[in-house]
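Here's the structure, in structure tokens; my notes come after.
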Amino acid sequence: ADGVLVDLHWGLAPKLSARKIDMAGIWRRVRMAKLIDGEAPIFGAEDLLFALARHAGNDNHAWSQFSQFCDMAEVLRAHPKFDWEIVESHLGDENIRRSVYVSLYMLEKHWQAGIPEEMCAKICSDPQEARLADRVEAEWWPMPTQVETKPTLEWLLARSRGESVVNRARLLMGQALTPTRNDFNAVKLPGALEWLYPVVRLARIVGGSAERAV
């Protein structure tokens with residue numbers, strides 16, 4: 001009623017494709033912040049930037065929402081003494097690293113966020129980051145309204161191009177079997193059948209791929 005949107009999440013990324021996120025470090029750096037009349041735990045600045053960059057690149061958003069880049073830019077503006085090694089500590093998985101690097105590539109390119117040259121050099125060392133960014137800018141940014149994207153098999157293969165076979169398989173398995181808010185909204189299952197949502201997820205991805213092929 002008051003216009004506040006709460007976007008609840010139960011994880012930073014599908015477990016199959018996010019085995020090396022430093023969750024212990026994230027919990028160590030959690031701090032308390034004032035929230036209305038009380039307090040709430042929040043991420044440290046570096047972990048927050050990582051979470052935002054990863055979230056911006058997930059397959060429901062695919063870097064298409066400008067508000068998420070504004071959030072990242074504001075984190076960097078508010079925390080000039082930023083420890084980039086903490087961000088990098090979460091990037092042991094290839095597909096997680098690519099999601100974050102594409103987010104940071106686009107953030108620096110369009111928001112001039114002040115990402116250090118050494119970090120920019122690491123980001124630009126993989127030409128796939130620029131390729132994905134160019135595709136997003138060409139296909140989704142011109143849309144009159146920003147909508148959540150629908151992942152397809154072609155898109156999942158395109159975004160993981162150049163990664164090892166094992167990591168591409170983990171990405172596909174993780175994305176194919178991890179239901180999202182869109183899947184829950186698309187098909188309303190009774191409580192006794194909620195275990196079928198991974199099947200709903202897989203069917204929607206196959207369906208989306210078939211639509212694009214027609």
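Just remember, in the structure tokens the first chain shown is A, the second B, etc., residues are 1-based per chain, and ligands are 1-based in the order shown.
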
Name all residues at most 10 Å from stretch 114-118 of chain A (count only C-alpha atoms; drop same-chain ones fewer than 4 positions away) and give them as a list in words.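 Counting only the stated atoms, we get Ala73, Leu76, Arg77, Pro80, Phe82, Trp84, Leu104, Tyr105, Leu107, Glu108, Lys109, Lys122 and Ile123 of chain A.
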
Write out, as a short mmCIF file (atom, residue, chain, number, x, y, z; two decimals), in the first residue's frame, the residues just selected, with N, CA, C and O atoms.
```cif
data_model
loop_
_atom_site.label_atom_id
_atom_site.label_comp_id
_atom_site.auth_asym_id
_atom_site.auth_seq_id
_atom_site.Cartn_x
_atom_site.Cartn_y
_atom_site.Cartn_z
N ALA A 73 26.17 1.66 -8.90
CA ALA A 73 26.92 2.92 -8.95
C ALA A 73 26.83 3.65 -7.61
O ALA A 73 27.81 4.25 -7.15
N LEU A 76 29.22 2.14 -4.98
CA LEU A 76 30.59 2.60 -5.17
C LEU A 76 30.76 4.06 -4.78
O LEU A 76 31.78 4.45 -4.21
N ARG A 77 29.76 4.89 -5.06
CA ARG A 77 29.85 6.31 -4.70
C ARG A 77 29.88 6.48 -3.19
O ARG A 77 30.62 7.31 -2.65
N PRO A 80 33.98 5.02 -1.02
CA PRO A 80 35.19 5.28 -1.82
C PRO A 80 36.36 4.37 -1.45
O PRO A 80 37.21 4.08 -2.30
N PHE A 82 37.09 1.08 -1.20
CA PHE A 82 36.47 -0.18 -1.59
C PHE A 82 37.54 -1.25 -1.76
O PHE A 82 38.57 -1.02 -2.41
N TRP A 84 38.43 -4.36 -3.53
CA TRP A 84 38.03 -5.20 -4.67
C TRP A 84 38.45 -6.65 -4.50
O TRP A 84 37.89 -7.54 -5.14
N LEU A 104 29.92 -5.28 -14.29
CA LEU A 104 30.90 -4.23 -14.02
C LEU A 104 31.38 -3.56 -15.30
O LEU A 104 31.63 -2.35 -15.33
N TYR A 105 31.51 -4.34 -16.37
CA TYR A 105 31.90 -3.78 -17.67
C TYR A 105 30.89 -2.72 -18.12
O TYR A 105 31.25 -1.61 -18.52
N LEU A 107 28.66 -1.23 -16.23
CA LEU A 107 28.59 -0.17 -15.22
C LEU A 107 29.65 0.90 -15.49
O LEU A 107 29.35 2.10 -15.47
N GLU A 108 30.86 0.46 -15.76
CA GLU A 108 31.93 1.43 -16.02
C GLU A 108 31.74 2.13 -17.37
O GLU A 108 31.98 3.34 -17.50
N LYS A 109 31.28 1.38 -18.36
CA LYS A 109 31.10 1.94 -19.70
C LYS A 109 30.04 3.04 -19.72
O LYS A 109 30.23 4.08 -20.36
N LYS A 122 41.24 -6.81 -15.86
CA LYS A 122 40.81 -8.19 -15.65
C LYS A 122 39.48 -8.44 -16.35
O LYS A 122 39.27 -9.48 -16.99
N ILE A 123 38.57 -7.48 -16.22
CA ILE A 123 37.25 -7.63 -16.83
C ILE A 123 37.36 -7.73 -18.35
O ILE A 123 36.69 -8.55 -18.98
#
```

Show me, as a VMD selection string, the residues that have an atom within 8 Å of A:Met72 when counting only C-alpha atoms, minus same-chain residues fewer than 6 positions from it. chain A and resid 49 52 to 53 107

Can you measure atom CA of A:Glu129 to atom CA of A:Ala169 for me? One decimal in Å is fine. 19.4 Å

Run DSSP on the backbone and give me the residues of stretch 34-157 of chain A it puts in helix (DSSP H, G or I), as a count of residues only. 74

Just checking: using only C-alpha atoms, which residue out of A:Leu132, A:Ile36, A:Ala121, A:Ala13 ends up closest to A:His90?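 For A:His90, the nearest of the candidates is A:Ala13.
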
For A:Gln65, which of A:Leu16, A:Leu189, A:Leu171, A:Met106 is the closest residue, counting only C-alpha atoms?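 Under the stated criterion, the closest residue is A:Met106.
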